[in-house]
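What follows is my_file_13.cif (mmCIF, C-alpha atoms and all ligand atoms).
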```cif
data_work
#
loop_
_atom_site.label_atom_id
_atom_site.label_comp_id
_atom_site.auth_asym_id
_atom_site.auth_seq_id
_atom_site.Cartn_x
_atom_site.Cartn_y
_atom_site.Cartn_z
CA MET A 1 24.37 8.68 -6.74
CA SER A 2 21.80 9.95 -9.17
CA MET A 3 19.04 7.67 -10.37
CA PRO A 4 16.14 8.67 -12.57
CA LEU A 5 12.81 9.01 -10.79
CA VAL A 6 11.02 7.26 -13.63
CA GLU A 7 12.02 4.55 -16.10
CA ALA A 8 10.22 3.45 -19.23
CA ALA A 9 9.09 -0.17 -19.35
CA ALA A 10 9.27 -2.47 -22.37
CA SER A 11 5.53 -2.98 -21.99
CA GLY A 12 2.94 -1.84 -19.49
CA PRO A 13 3.21 1.15 -17.20
CA ALA A 14 6.44 3.03 -16.51
CA GLN A 15 8.40 2.19 -13.38
CA ILE A 16 8.66 4.79 -10.60
CA ARG A 17 11.62 4.73 -8.23
CA ILE A 18 10.32 5.05 -4.67
CA GLY A 19 12.08 4.58 -1.35
CA ARG A 20 11.51 1.80 1.14
CA CYS A 21 12.64 1.88 4.76
CA GLY A 22 14.17 -1.43 5.83
CA ALA A 23 13.55 -0.63 9.49
CA CYS A 24 9.79 0.03 9.43
CA GLY A 25 8.67 -0.77 5.87
CA HIS A 26 7.47 2.77 5.12
CA ARG A 27 7.42 3.66 1.40
CA TYR A 28 7.88 7.17 0.06
CA PHE A 29 8.54 9.25 -3.05
CA PRO A 30 10.98 10.47 -4.15
CA PHE A 31 13.68 8.10 -2.91
CA GLN A 32 16.36 9.73 -0.70
CA PRO A 33 18.84 8.12 1.72
CA LEU A 34 18.73 10.92 4.32
CA GLY A 35 16.20 9.28 6.58
CA CYS A 36 12.81 7.74 6.97
CA GLU A 37 10.10 10.33 7.57
CA ARG A 38 8.25 7.88 9.80
CA CYS A 39 10.90 6.22 12.03
CA GLY A 40 14.09 8.25 11.42
CA ALA A 41 16.24 5.31 10.25
CA HIS A 42 18.79 6.39 7.64
CA GLY A 43 21.68 5.34 5.43
CA ALA A 44 21.76 1.73 4.25
CA THR A 45 18.30 1.06 5.72
CA GLN A 46 16.80 3.17 2.91
CA SER A 47 16.52 1.38 -0.44
CA PRO A 48 15.25 2.46 -3.85
CA ILE A 49 12.73 0.13 -5.44
CA LEU A 50 10.88 0.30 -8.75
CA VAL A 51 7.09 0.03 -8.72
CA PRO A 52 4.57 0.25 -11.58
CA ALA A 53 3.17 3.70 -12.35
CA ARG A 54 -0.35 2.47 -11.85
CA GLY A 55 -2.92 3.68 -9.34
CA SER A 56 -5.96 5.87 -8.84
CA VAL A 57 -6.63 9.59 -8.74
CA LEU A 58 -6.81 11.28 -5.34
CA ALA A 59 -7.33 14.79 -6.74
CA ALA A 60 -6.97 16.60 -10.06
CA VAL A 61 -7.10 20.14 -11.33
CA GLY A 62 -6.99 21.90 -14.69
CA VAL A 63 -4.21 24.48 -15.09
CA TRP A 64 -5.03 27.29 -17.51
CA LYS A 65 -1.95 29.50 -17.19
CA HIS A 66 1.57 28.68 -16.00
CA ARG A 67 4.04 31.30 -14.78
CA SER A 68 7.18 29.53 -16.01
CA PRO A 69 8.33 30.13 -19.58
CA GLY A 70 8.25 27.10 -21.86
CA ILE A 71 5.33 25.40 -20.14
CA GLU A 72 2.25 25.54 -22.28
CA ALA A 73 -1.20 25.47 -20.74
CA PRO A 74 -3.88 24.25 -20.45
CA PHE A 75 -3.12 20.88 -18.87
CA GLN A 76 -4.32 18.76 -16.00
CA VAL A 77 -2.33 17.79 -12.88
CA ALA A 78 -3.30 14.90 -10.64
CA ASP A 79 -2.28 13.45 -7.31
CA VAL A 80 -2.19 9.70 -7.86
CA LEU A 81 -2.12 7.04 -5.16
CA LEU A 82 0.02 4.28 -6.65
CA ASP A 83 -1.01 0.67 -6.10
CA ALA A 84 2.30 0.46 -4.16
CA GLY A 85 0.80 2.84 -1.57
CA VAL A 86 2.77 6.00 -2.41
CA LYS A 87 1.38 9.32 -3.63
CA VAL A 88 2.90 11.07 -6.65
CA ARG A 89 1.91 14.22 -8.54
CA ALA A 90 2.14 14.29 -12.32
CA LEU A 91 0.44 15.44 -15.48
CA ILE A 92 -2.55 13.48 -16.68
CA ASP A 93 -3.70 13.32 -20.29
CA ALA A 94 -7.28 14.41 -19.85
CA ASP A 95 -9.48 17.39 -20.71
CA PRO A 96 -8.58 20.23 -18.30
CA CYS A 97 -12.27 21.22 -18.31
CA ARG A 98 -13.16 17.87 -16.75
CA PRO A 99 -10.67 17.02 -13.97
CA ALA A 100 -10.41 13.31 -13.22
CA THR A 101 -12.53 12.30 -10.26
CA LEU A 102 -11.54 10.52 -7.06
CA GLY A 103 -10.76 6.86 -7.70
CA THR A 104 -10.29 7.09 -11.47
CA PRO A 105 -7.80 4.35 -12.43
CA VAL A 106 -4.71 5.63 -14.25
CA SER A 107 -1.50 4.27 -15.71
CA GLY A 108 1.71 6.22 -16.34
CA ILE A 109 4.11 6.22 -19.26
CA VAL A 110 7.39 8.00 -19.92
CA VAL A 111 7.08 10.64 -22.60
CA GLN A 112 9.89 12.42 -24.36
CA ALA A 113 10.03 15.81 -22.65
CA GLY A 114 12.72 17.25 -24.93
CA ASP A 115 14.33 20.44 -23.62
CA THR A 116 11.31 21.55 -21.64
CA PRO A 117 11.26 21.54 -17.83
CA VAL A 118 8.19 19.30 -17.87
CA ALA A 119 8.53 15.97 -16.05
CA PRO A 120 8.63 12.91 -18.35
CA LEU A 121 5.83 10.98 -16.58
CA ARG A 122 2.27 11.26 -17.86
CA PHE A 123 -0.74 9.42 -16.57
CA THR A 124 -3.68 8.37 -18.72
CA VAL A 125 -7.10 7.21 -17.62
CA VAL A 126 -7.41 3.45 -18.08
CA GLY A 127 -10.99 2.91 -17.01
CA GLU A 128 -13.82 4.20 -14.93
CA ARG A 129 -13.99 4.40 -11.18
CA ALA A 130 -14.93 1.06 -9.63
ZN ZN B 201 11.23 3.85 8.70
#
```

Turn the structure described in the file into structure tokens.
Amino acid sequence: MSMPLVEAAASGPAQIRIGRCGACGHRYFPFQPLGCERCGAHGATQSPILVPARGSVLAAVGVWKHRSPGIEAPFQVADVLLDAGVKVRALIDADPCRPATLGTPVSGIVVQAGDTPVAPLRFTVVGERA
């Protein structure tokens, strides 16, 4: 069973496939049926659900050189706490000289990654920190 981690939406933010434990309610990313990291339940108790790629920045950093071929720098990477309560790490369209600050609201879209090894999810800043 292979499901994409991210799906484009007709409008609004992309949808991210996270996991939800039916035994304790814990949510996690990426989805996997092997077992809940909190309570240990596994198998059919673990369900994939789609949630909006919308949240706020926990941390961000500018990357100026990447070791892997085919990945052009500079770019910015951010840890984002989704409104659904799960943390994801993805690229963010922002100036690498000015990393996004804690609490900056962001929204994710699916971009065409082509043949590069870069993940198809990109976050953009959608406002200022509340
Ligand atoms: Zn659990």

For this session: Determine the nearest neighbour of ligand ZN 201 (chain B) from the options A:Gly62, A:Pro52, A:Pro33, A:Gly40, counting all atoms listed in the file.
Result: A:Gly40

Env of segment 4-7 of chain A: 10 Å cut, atoms = only C-alpha atoms, seq-sep filter 2 positions within chain, self excluded. Answer as an mmCIF file with C-alpha atoms, keeping the file's coordinate frame.
```
data_model
loop_
_atom_site.group_PDB
_atom_site.id
_atom_site.type_symbol
_atom_site.label_atom_id
_atom_site.label_comp_id
_atom_site.auth_asym_id
_atom_site.auth_seq_id
_atom_site.Cartn_x
_atom_site.Cartn_y
_atom_site.Cartn_z
ATOM 1 C CA SER A 2 21.800 9.950 -9.170
ATOM 2 C CA ALA A 9 9.090 -0.170 -19.350
ATOM 3 C CA ALA A 10 9.270 -2.470 -22.370
ATOM 4 C CA PRO A 13 3.210 1.150 -17.200
ATOM 5 C CA ALA A 14 6.440 3.030 -16.510
ATOM 6 C CA GLN A 15 8.400 2.190 -13.380
ATOM 7 C CA ILE A 16 8.660 4.790 -10.600
ATOM 8 C CA ARG A 17 11.620 4.730 -8.230
ATOM 9 C CA ILE A 18 10.320 5.050 -4.670
ATOM 10 C CA PHE A 29 8.540 9.250 -3.050
ATOM 11 C CA PRO A 30 10.980 10.470 -4.150
ATOM 12 C CA PHE A 31 13.680 8.100 -2.910
ATOM 13 C CA PRO A 48 15.250 2.460 -3.850
ATOM 14 C CA LEU A 50 10.880 0.300 -8.750
ATOM 15 C CA VAL A 51 7.090 0.030 -8.720
ATOM 16 C CA PRO A 52 4.570 0.250 -11.580
ATOM 17 C CA ALA A 53 3.170 3.700 -12.350
ATOM 18 C CA GLY A 108 1.710 6.220 -16.340
ATOM 19 C CA ILE A 109 4.110 6.220 -19.260
ATOM 20 C CA VAL A 110 7.390 8.000 -19.920
ATOM 21 C CA ALA A 119 8.530 15.970 -16.050
ATOM 22 C CA PRO A 120 8.630 12.910 -18.350
ATOM 23 C CA LEU A 121 5.830 10.980 -16.580
#
```

Problem set entry | Test item: residues no farther than 10 Å from ligand ZN 201 (chain B), counting all atoms listed in the file, as a ChimeraX atom specification | /A:20-28,35-42,45-46

Got time to write the residues from that selection, C-alpha atoms, as a CSV table (one decimal), in the coordinates of the input?
```csv
chain,number,residue,atom,x,y,z
A,20,ARG,CA,11.5,1.8,1.1
A,21,CYS,CA,12.6,1.9,4.8
A,22,GLY,CA,14.2,-1.4,5.8
A,23,ALA,CA,13.6,-0.6,9.5
A,24,CYS,CA,9.8,0.0,9.4
A,25,GLY,CA,8.7,-0.8,5.9
A,26,HIS,CA,7.5,2.8,5.1
A,27,ARG,CA,7.4,3.7,1.4
A,28,TYR,CA,7.9,7.2,0.1
A,35,GLY,CA,16.2,9.3,6.6
A,36,CYS,CA,12.8,7.7,7.0
A,37,GLU,CA,10.1,10.3,7.6
A,38,ARG,CA,8.2,7.9,9.8
A,39,CYS,CA,10.9,6.2,12.0
A,40,GLY,CA,14.1,8.2,11.4
A,41,ALA,CA,16.2,5.3,10.2
A,42,HIS,CA,18.8,6.4,7.6
A,45,THR,CA,18.3,1.1,5.7
A,46,GLN,CA,16.8,3.2,2.9
```

Exercise. Could you work out how far atom CA of Thr104 of chain A lies from atom CA of Ala8 of chain A, giving the answer in Å with one decimal?
Worked result: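 Distance between the two atoms: 22.2 Å.
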
For this session: Using atom CA of Gly127 of chain A and atom CA of His66 of chain A as the two end points, give the distance in Å to one decimal.
Result: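 Between atom CA of Gly127 of chain A and atom CA of His66 of chain A the gap works out to 28.7 Å.
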
Problem set entry | Pick from A:Gly85, A:Pro74, A:Gly12, A:Pro99 nearest to Gly55 of chain A, counting only C-alpha atoms | A:Gly85

For this session: Tell me, as a PyMOL selection string, which residues lie within 7 Å of Val126 of chain A, counting all atoms listed in the file; anything in the same chain fewer than 5 positions away does not count.
Result: chain A and resi 105-107

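Of the residues under consideration (A:Asp79, A:Glu72, A:Val125, A:Val111), A:Val125 shows the shortest atom-to-atom contact distance to Asp95 of chain A when counting only C-alpha atoms.
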
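Distances to Glu128 of chain A were evaluated for A:Ala90, A:Gln32, A:Ser68, A:Ser56 using all atoms listed in the file, and the minimum falls at A:Ser56.
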
Would you mind completing segment 61-91 of chain A so that it carries N, CA and C atoms, and writing it out as a PDB file, in the coordinates of the input?
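Produced file rebuild-v5.pdb, reproduced below:
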```pdb
ATOM      1  N   VAL A  61      -6.716  18.762 -11.057  1.00  0.00           N
ATOM      2  CA  VAL A  61      -7.100  20.140 -11.330  1.00  0.00           C
ATOM      3  C   VAL A  61      -6.616  20.526 -12.727  1.00  0.00           C
ATOM      4  N   GLY A  62      -7.398  21.358 -13.407  1.00  0.00           N
ATOM      5  CA  GLY A  62      -6.990  21.900 -14.690  1.00  0.00           C
ATOM      6  C   GLY A  62      -6.172  23.171 -14.460  1.00  0.00           C
ATOM      7  N   VAL A  63      -5.059  23.297 -15.185  1.00  0.00           N
ATOM      8  CA  VAL A  63      -4.210  24.480 -15.090  1.00  0.00           C
ATOM      9  C   VAL A  63      -4.353  25.244 -16.407  1.00  0.00           C
ATOM     10  N   TRP A  64      -4.732  26.504 -16.304  1.00  0.00           N
ATOM     11  CA  TRP A  64      -5.030  27.290 -17.510  1.00  0.00           C
ATOM     12  C   TRP A  64      -3.930  28.271 -17.868  1.00  0.00           C
ATOM     13  N   LYS A  65      -3.062  28.593 -16.912  1.00  0.00           N
ATOM     14  CA  LYS A  65      -1.950  29.500 -17.190  1.00  0.00           C
ATOM     15  C   LYS A  65      -0.813  29.121 -16.256  1.00  0.00           C
ATOM     16  N   HIS A  66       0.407  29.018 -16.816  1.00  0.00           N
ATOM     17  CA  HIS A  66       1.570  28.680 -16.000  1.00  0.00           C
ATOM     18  C   HIS A  66       2.557  29.822 -16.034  1.00  0.00           C
ATOM     19  N   ARG A  67       3.146  30.137 -14.886  1.00  0.00           N
ATOM     20  CA  ARG A  67       4.040  31.300 -14.780  1.00  0.00           C
ATOM     21  C   ARG A  67       5.407  31.061 -15.404  1.00  0.00           C
ATOM     22  N   SER A  68       5.852  29.811 -15.493  1.00  0.00           N
ATOM     23  CA  SER A  68       7.180  29.530 -16.010  1.00  0.00           C
ATOM     24  C   SER A  68       7.197  29.547 -17.535  1.00  0.00           C
ATOM     25  N   PRO A  69       8.245  30.139 -18.117  1.00  0.00           N
ATOM     26  CA  PRO A  69       8.330  30.130 -19.580  1.00  0.00           C
ATOM     27  C   PRO A  69       8.561  28.707 -20.088  1.00  0.00           C
ATOM     28  N   GLY A  70       8.041  28.405 -21.235  1.00  0.00           N
ATOM     29  CA  GLY A  70       8.250  27.100 -21.860  1.00  0.00           C
ATOM     30  C   GLY A  70       7.267  26.043 -21.426  1.00  0.00           C
ATOM     31  N   ILE A  71       6.347  26.367 -20.543  1.00  0.00           N
ATOM     32  CA  ILE A  71       5.330  25.400 -20.140  1.00  0.00           C
ATOM     33  C   ILE A  71       3.991  25.883 -20.676  1.00  0.00           C
ATOM     34  N   GLU A  72       3.494  25.147 -21.646  1.00  0.00           N
ATOM     35  CA  GLU A  72       2.250  25.540 -22.280  1.00  0.00           C
ATOM     36  C   GLU A  72       1.050  25.024 -21.511  1.00  0.00           C
ATOM     37  N   ALA A  73       0.059  25.853 -21.372  1.00  0.00           N
ATOM     38  CA  ALA A  73      -1.200  25.470 -20.740  1.00  0.00           C
ATOM     39  C   ALA A  73      -2.281  25.557 -21.820  1.00  0.00           C
ATOM     40  N   PRO A  74      -3.423  24.916 -21.661  1.00  0.00           N
ATOM     41  CA  PRO A  74      -3.880  24.250 -20.450  1.00  0.00           C
ATOM     42  C   PRO A  74      -3.392  22.801 -20.354  1.00  0.00           C
ATOM     43  N   PHE A  75      -3.407  22.288 -19.125  1.00  0.00           N
ATOM     44  CA  PHE A  75      -3.120  20.880 -18.870  1.00  0.00           C
ATOM     45  C   PHE A  75      -3.765  20.509 -17.546  1.00  0.00           C
ATOM     46  N   GLN A  76      -3.715  19.233 -17.242  1.00  0.00           N
ATOM     47  CA  GLN A  76      -4.320  18.760 -16.000  1.00  0.00           C
ATOM     48  C   GLN A  76      -3.248  18.088 -15.136  1.00  0.00           C
ATOM     49  N   VAL A  77      -3.263  18.376 -13.845  1.00  0.00           N
ATOM     50  CA  VAL A  77      -2.330  17.790 -12.880  1.00  0.00           C
ATOM     51  C   VAL A  77      -3.140  16.935 -11.911  1.00  0.00           C
ATOM     52  N   ALA A  78      -2.583  15.778 -11.561  1.00  0.00           N
ATOM     53  CA  ALA A  78      -3.300  14.900 -10.640  1.00  0.00           C
ATOM     54  C   ALA A  78      -2.366  14.375  -9.550  1.00  0.00           C
ATOM     55  N   ASP A  79      -2.924  14.226  -8.367  1.00  0.00           N
ATOM     56  CA  ASP A  79      -2.280  13.450  -7.310  1.00  0.00           C
ATOM     57  C   ASP A  79      -2.780  12.031  -7.478  1.00  0.00           C
ATOM     58  N   VAL A  80      -1.845  11.101  -7.602  1.00  0.00           N
ATOM     59  CA  VAL A  80      -2.190   9.700  -7.860  1.00  0.00           C
ATOM     60  C   VAL A  80      -1.664   8.844  -6.710  1.00  0.00           C
ATOM     61  N   LEU A  81      -2.543   8.020  -6.151  1.00  0.00           N
ATOM     62  CA  LEU A  81      -2.120   7.040  -5.160  1.00  0.00           C
ATOM     63  C   LEU A  81      -1.749   5.767  -5.918  1.00  0.00           C
ATOM     64  N   LEU A  82      -0.433   5.475  -5.947  1.00  0.00           N
ATOM     65  CA  LEU A  82       0.020   4.280  -6.650  1.00  0.00           C
ATOM     66  C   LEU A  82      -0.484   3.028  -5.948  1.00  0.00           C
ATOM     67  N   ASP A  83      -0.627   1.951  -6.707  1.00  0.00           N
ATOM     68  CA  ASP A  83      -1.010   0.670  -6.100  1.00  0.00           C
ATOM     69  C   ASP A  83       0.009   0.249  -5.040  1.00  0.00           C
ATOM     70  N   ALA A  84       1.251   0.762  -5.140  1.00  0.00           N
ATOM     71  CA  ALA A  84       2.300   0.460  -4.160  1.00  0.00           C
ATOM     72  C   ALA A  84       2.120   1.245  -2.865  1.00  0.00           C
ATOM     73  N   GLY A  85       1.095   2.127  -2.802  1.00  0.00           N
ATOM     74  CA  GLY A  85       0.800   2.840  -1.570  1.00  0.00           C
ATOM     75  C   GLY A  85       1.485   4.172  -1.400  1.00  0.00           C
ATOM     76  N   VAL A  86       2.044   4.730  -2.476  1.00  0.00           N
ATOM     77  CA  VAL A  86       2.770   6.000  -2.410  1.00  0.00           C
ATOM     78  C   VAL A  86       2.071   7.012  -3.297  1.00  0.00           C
ATOM     79  N   LYS A  87       2.011   8.269  -2.848  1.00  0.00           N
ATOM     80  CA  LYS A  87       1.380   9.320  -3.630  1.00  0.00           C
ATOM     81  C   LYS A  87       2.417  10.036  -4.491  1.00  0.00           C
ATOM     82  N   VAL A  88       2.065  10.273  -5.760  1.00  0.00           N
ATOM     83  CA  VAL A  88       2.900  11.070  -6.650  1.00  0.00           C
ATOM     84  C   VAL A  88       2.021  12.108  -7.322  1.00  0.00           C
ATOM     85  N   ARG A  89       2.625  13.172  -7.803  1.00  0.00           N
ATOM     86  CA  ARG A  89       1.910  14.220  -8.540  1.00  0.00           C
ATOM     87  C   ARG A  89       2.514  14.291  -9.919  1.00  0.00           C
ATOM     88  N   ALA A  90       1.648  14.265 -10.938  1.00  0.00           N
ATOM     89  CA  ALA A  90       2.140  14.290 -12.320  1.00  0.00           C
ATOM     90  C   ALA A  90       1.037  14.802 -13.236  1.00  0.00           C
ATOM     91  N   LEU A  91       1.424  15.044 -14.477  1.00  0.00           N
ATOM     92  CA  LEU A  91       0.440  15.440 -15.480  1.00  0.00           C
ATOM     93  C   LEU A  91      -0.415  14.247 -15.853  1.00  0.00           C
TER      94      LEU A  91
END
```
